[in-house]
Structure formats: C-alpha cells, structure tokens
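Asker: This is the structure I want to talk about, given as structure tokens.
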Amino acid sequence: MLTFAALDPQVIIDGIERGEPGAASWWLTRTGIYSIGFFLFWSVAAVAGMLTDYLHDSPPRKGGRS
Amino acid sequence: MSDGAAGGADAVPLYEAHRKVYPREVSGRFARLRTLAAFTLLGIFYGLPWVQWNGQQAVLFDLPARKFHLFGLTLWPQDFLYLSWLLVLAALTLFFVTAVAGRVWCGYACPQTVWTEAFLGLERLVEGDRPQRLKLDRKPWSGEWVLRKTIKQVLWVGFAGLTGFSFVAFFTPATELAAGVMNLALGGWEVFWILFYGFATYGNAGFLREQVCIYMCPYARFQGAMFDQDTLIVSYNPGRGEPRGARKRGADARATGLGDCVDCTICVQVCPTGIDIRKGLQYECIACAACVDACDDVMARMDYQPGLISYVTEHGLAGQTTRFSRPRVLIYGGLLLALGIGFVVSLGMRQPIGLDIIRDRNALYRVLPDGSVENVYSLRILNKDDRAHRYVIETQPAGVFQVDAETVVVDAGDVRAVPARLHVARDDLTRAPRDIVIAVRTTDDSGLMAGRTTRFFVPEAGR
C-alpha cells in the first residue's frame, strides 16, 4: 500500500507507451500492476519464510556432531 | 528428514500427517451467537458493494482511479496516513479484546472461521452430520458417494465464485461488474481476481480449515502474549470433572467416586480444530465455545450443574476473583481511546486541500532595478476534493507584499506546481516581516484555504 501510495503505476505504463505506442498489452493497466506488485510482495514473504525454515532446520552434518 | 542415522532421536517429520476433522453439529447459546455473527458478517460482505451513497457505491476502493470512497468520504493516496491509522486502530482493538476476553475474534469474527462455518453448513446440508459424513467417507465409492460429493462441490464452487465476485466488487463498481459477468465482457484482471479469490476461499474454507489456524495464522502464535490470568479462556474444570468416567444416568457421582465428566467425548467431537479441551488450554483452541455448548447439554441431561467447560479466567478457575482493570487492559484501552478520538477529530478537521511551499534554492532574494526586493517560491497545490477548484494565492499579512502569481485551476485529485514571486517595494522594506504566511484560497463558495509559514529574505542594508 505504501509503495503504491507513493508510486502511481500509470507512470510505468506511460513510460512504456512513450517508447513504443501501443506496446502495453491488455494486462498492463493500473490494476494489473497493483496485482503484480501484490504477488511480488507475497513472493518476497514466501521466500523469507522458506529461507527461515531452511536455515532453522539445517540438517546435522554427516557423521559429526550436530 | 528420514535420514535416521544422522538425525538422532529428536528428528521429527516437518509436517504432521493431517487427520480430517469431522466437527459434530452443536446447538446452544454460543452456537446461536456464532451463527448470528456469521450471518451478520457475511451479510455485510455480500451486501455492502450494493449499498449506494450520494449516487455512488458507498464503499469502493477504486484502485484504477486511485481513490477510496468510504460513505461519502474520499481518500486520496496523500491520505495514506488515515488508512494506516485505521489499521493501527484495528490492531489495538484486537489486542484489547484479546486481553479481556481471549480469542473471541478467532471464535466468532475471523473470516477463516466464518467461511469455514458456511462451507461446513453446506457440507452438513448435503452429507449429513458427523456420523453420516464419517460413514460416507469410510464406504467405498458408490452412486450415493458420487452424487453427494458432486452436489457438495457444486454448492461450494458456486459459493466460492460468489465470494470472489463480491470481493472484486469492492474494487470495481458492483453494478458494472455484474453487467460484465452477464455479458461475459470482463477485464482480464477482474476475471483473474474473481477466480483467484474464489479459489482461495474454496481451498481455505473447504479443505484447509483448522490447519489455517494451527499452522498458517500468525495471530494464533502471538496472541498468547496478550493473555494473563485474568483473560477469559475456554476451560475445563478438572477439579470438578476428574476422575472422569462413564456411569449410569441418575447414578450418584459421589457414591461412584467419579467426577462430573462422563467421558462422552462430545466436547472432542464438536471441536472444529479437533482437540481435547480437557487437556488444558492449547494454542489450537480458537475459543469458539462449541465444547461449552455441547458439555452444558450433556450436563443438563445428567441433571448436573452446567459449566464443567466454560468461559472462565485462570483466577476464576482457581476460585480467586478476576480483576478487569489491570495495567495491560488500561494501557490498551487508553491507547485505543486516545487514537480513536484523535482519528475522528483529525478526520473531521480534514480539509480537502493541501499546500507545500519550497523556496527557490538559487537565490535568497533578488534586488530589482527599482530597488524592490523579490523572493521566489514554488507552491504545490493539492486538490483532494471531488471537483475542480480555482485557487488564488495571497500572503498574510497582506498589503506589504505584492503577489505575482496566476490563479490556477487544479482538477479533482490533482497536484499542480505553481511559481510565485513576492515583491516588496523599497519603501516598505523596513515594514516587511521576516516570517510570512503564504496561503491559497478557493475562489468559489467552497471557502477552502490552506496556509504555510515561510521566510522572506531582504538584504541587510535594506533594513
């Protein structure tokens, strides 16, 4: 929310349209960028969670002390 | 994980095998309260997008237009503070309620609980109560199995689809969305979000259910930090119930040497998270009080006093008095009250106009040929109103300063940067104050105004 309160996705779309008019595909709308942003943050959280689990649960070394 | 040689004795599998929970239907005062809460909350969720307010949707988070409508109030991205404030208030309310009454949120109001209840209700409708469902799942595939499961899935999918639609209707005007569905002319992202949210509802309420509370919910993990011995929890009274055991109806419990618990295990059968409350408070318990209702029912049939399982505090269970006012409750309550009042006052005083002033960085001042002194500012005018306004720029005190700036029109929800030059004639230099207020005012009848204090520099010799 904070990200998109500060950044208007229309800026990105306008940027693409300026380079090549008509280049923005159907999914490249404000709603589209909000959606992509949402899943981006979600994936960051998911990766963080998986990493925590991986590091927390590191298997003991073979043959040695854990 | 199965590497036993290196893992040692304490190696446990990462995931516990899931045992399906078949909650038994329960009736009683807390069950009625839960049903009432579920109907109210679902009613709000499915009904609110259709409520109109001043000719537009009452609650609409219009993301494409970057404005949120809340009952006649319009919030722009610049009002982000209010939304975060609202979230802080919601969190504090949750903490306060948890400190006083335990996990009532989990038991009655959490969307996970409410939708699970709804999906479970549909399941009951088609497959029957716990014994029938257990029997159905144990039997090999049959015509009846396929028929009942198919009907259930159709109901579930339909309900989930409605939920997804209703969710998107908070972001896209409901009437437009409904028309889009009817004509099969929806935007790609709307279709995606309806399907995604519907799928999430179906998965969470149909299949994951109590596992969301047990494994996924962060609140379930830290709510214990808000508990103390004066917090209401659902608790079994072991002093009264033990030793538990079956007995004939009407048998004198004292004579048999047994406690009041008849060990009928109905409290376990009704539990939506599949725990045994008689083992004490567990983090899986969402305090829905289904076991309270179930046990009271059994106690009544045995002609025993109700309340073997009840909402009680640890102090209450130990026969001590429960104190309501204690530091954590007072602090949470005080914070909540202060922030709540602040929120209402600030929202009430909110003016749909914003002004920032930036001084010209290149020169403090400029002396013009006629001896007058000029300072240059850059004004950013923000119009948070629902319509365009024309703004005029003026100074306080007026008279000494000549303002050289155009009146500007700023569209609804727009920001415009306007350069403003302020002059002071040579003869007036001694009268010119250092600190001045530059203000913008609407020229129409709206009477909106905003001012900011800034400085006006003059050469030392001029004073």
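Residues in the structure tokens are numbered from 1 in each chain, the chains being A, B, ... in the order shown, and ligands are numbered from 1 in the order shown.
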Give me every strand (DSSP E) residue in stretch 145-368 of chain B, going by DSSP on the backbone, as number ranges by chain.

Answerer: B: 233-236, 309-312, 353-359, 366-367

Asker: Find the residues near stretch 192-199 of chain B: any atom within 9 Å, counting only C-alpha atoms, skip ones fewer than 4 places away on the same chain, and give them as a list in words.

Answerer: Ser35 of chain A; Val157, Gly158, Phe159, Ala160, Gly161, Leu162, Thr163, Gly164, Phe165, Ser166, Phe167, Val168, Gly187, Gly188, Gly203 and Asn204 of chain B

Asker: Do a neighbour search on B:Ile286 at 7 Å with only C-alpha atoms, toss out local chain neighbours closer than 3 positions, and write the hits as a ChimeraX atom specification.

Answerer: /B:103,106-107

Asker: Here is a test: counting only C-alpha atoms, which residue of B:Leu63, B:Ile44, B:Leu186, B:Leu281 is nearest to A:Arg30?

Answerer: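 Between B:Leu63, B:Ile44, B:Leu186, B:Leu281, the residue approaching A:Arg30 most closely is B:Leu63.
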
Asker: From the set B:Leu429, B:Val191, B:Ala17, B:Ala178, which residue has the shortest atom-to-atom contact distance to chain A, counting only C-alpha atoms?

Answerer: B:Val191

Asker: Can you pull out every residue within 9 Å of B:Asn383, counting only C-alpha atoms, but drop anything in the same chain fewer than 5 positions away, and send it as a PyMOL selection string?

Answerer: chain B and resi 352-354+388-389+410-416

Asker: Those residues you just picked out, can you put them in a file as a compact mmCIF listing (two decimals), in the first residue's frame with N, CA, C and O atoms?

Answerer:
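Dumped everything to result_22.txt:
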```txt
# COMPACT_ATOMS: atom_id res chain seq x y z
N PRO B 352 -10.03 19.30 2.31
CA PRO B 352 -9.63 18.68 1.04
C PRO B 352 -8.73 19.60 0.22
O PRO B 352 -8.95 19.82 -0.96
N ILE B 353 -7.73 20.14 0.88
CA ILE B 353 -6.80 21.00 0.17
C ILE B 353 -5.43 20.81 0.82
O ILE B 353 -5.34 20.62 2.02
N GLY B 354 -4.39 20.81 0.04
CA GLY B 354 -3.05 20.63 0.58
C GLY B 354 -2.10 21.62 -0.06
O GLY B 354 -2.27 22.01 -1.22
N ALA B 388 -13.12 20.23 -9.40
CA ALA B 388 -12.02 21.16 -9.66
C ALA B 388 -12.28 22.49 -8.95
O ALA B 388 -13.43 22.87 -8.73
N HIS B 389 -11.21 23.17 -8.57
CA HIS B 389 -11.32 24.49 -7.96
C HIS B 389 -10.31 25.43 -8.59
O HIS B 389 -9.26 25.00 -9.06
N VAL B 410 -7.02 23.60 -10.40
CA VAL B 410 -6.50 22.26 -10.15
C VAL B 410 -7.67 21.30 -10.21
O VAL B 410 -8.69 21.50 -9.55
N ASP B 411 -7.52 20.27 -11.02
CA ASP B 411 -8.59 19.29 -11.17
C ASP B 411 -8.74 18.46 -9.90
O ASP B 411 -7.84 18.40 -9.07
N ALA B 412 -9.88 17.80 -9.78
CA ALA B 412 -10.15 16.96 -8.62
C ALA B 412 -9.04 15.91 -8.48
O ALA B 412 -8.73 15.22 -9.43
N GLY B 413 -8.46 15.85 -7.30
CA GLY B 413 -7.46 14.83 -7.03
C GLY B 413 -6.13 15.07 -7.69
O GLY B 413 -5.29 14.17 -7.75
N ASP B 414 -5.91 16.30 -8.18
CA ASP B 414 -4.67 16.58 -8.89
C ASP B 414 -3.73 17.45 -8.06
O ASP B 414 -4.13 18.05 -7.07
N VAL B 415 -2.48 17.47 -8.46
CA VAL B 415 -1.48 18.32 -7.83
C VAL B 415 -0.92 19.24 -8.89
O VAL B 415 -0.66 18.79 -10.01
N ARG B 416 -0.73 20.54 -8.57
CA ARG B 416 -0.09 21.43 -9.54
C ARG B 416 0.98 22.25 -8.86
O ARG B 416 0.80 22.75 -7.76
```

Asker: Which distance in Å separates atom CA of B:Asp62 and atom CA of B:Tyr82, to one decimal?

Answerer: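 So the answer is 16.3 Å.
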
Asker: Could you pull the residues within 9 Å of B:Ala450, counting only C-alpha atoms, minus those fewer than 3 positions along the same chain, as a VMD selection string?

Answerer: chain B and resid 351 353 to 355 438 to 441

Asker: Taking only C-alpha atoms into account, name the residue in A:Leu55, A:Leu40, A:Val47, A:Thr29 that is nearest to chain B.

Answerer: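 Among the listed residues, the smallest separation from chain B belongs to A:Thr29.
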
Asker: So that I can check the surroundings of B:His18, please list as an mmCIF file with N, CA and C atoms, in the first residue's frame every protein, DNA and RNA residue that reaches within 12 Å of it, counting only C-alpha atoms and ignoring chain neighbours fewer than 4 positions away.

Answerer:
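Output (selection_12.cif):
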```cif
data_model
loop_
_atom_site.group_PDB
_atom_site.id
_atom_site.type_symbol
_atom_site.label_atom_id
_atom_site.label_comp_id
_atom_site.auth_asym_id
_atom_site.auth_seq_id
_atom_site.Cartn_x
_atom_site.Cartn_y
_atom_site.Cartn_z
ATOM 1 N N PHE B 207 -11.116 -27.026 2.505
ATOM 2 C CA PHE B 207 -10.140 -28.084 2.770
ATOM 3 C C PHE B 207 -9.170 -27.783 3.905
ATOM 4 N N LEU B 208 -8.562 -26.603 3.894
ATOM 5 C CA LEU B 208 -7.523 -26.352 4.902
ATOM 6 C C LEU B 208 -8.142 -26.179 6.290
ATOM 7 N N ARG B 209 -9.226 -25.402 6.342
ATOM 8 C CA ARG B 209 -9.987 -25.204 7.585
ATOM 9 C C ARG B 209 -9.105 -24.946 8.804
ATOM 10 N N GLU B 210 -9.160 -25.856 9.795
ATOM 11 C CA GLU B 210 -8.467 -25.580 11.051
ATOM 12 C C GLU B 210 -6.953 -25.528 10.874
ATOM 13 N N GLN B 211 -6.450 -26.078 9.754
ATOM 14 C CA GLN B 211 -4.999 -26.044 9.547
ATOM 15 C C GLN B 211 -4.499 -24.622 9.325
ATOM 16 N N ILE B 214 -4.020 -23.401 12.788
ATOM 17 C CA ILE B 214 -2.964 -24.076 13.536
ATOM 18 C C ILE B 214 -1.583 -23.788 12.947
ATOM 19 N N TYR B 215 -1.475 -23.834 11.609
ATOM 20 C CA TYR B 215 -0.136 -23.732 11.011
ATOM 21 C C TYR B 215 0.143 -22.386 10.365
ATOM 22 N N THR B 273 -11.258 -27.716 15.633
ATOM 23 C CA THR B 273 -9.829 -27.940 15.419
ATOM 24 C C THR B 273 -9.406 -29.324 15.922
ATOM 25 N N GLY B 274 -10.352 -30.106 16.382
ATOM 26 C CA GLY B 274 -10.078 -31.494 16.721
ATOM 27 C C GLY B 274 -9.219 -31.716 17.959
#
```
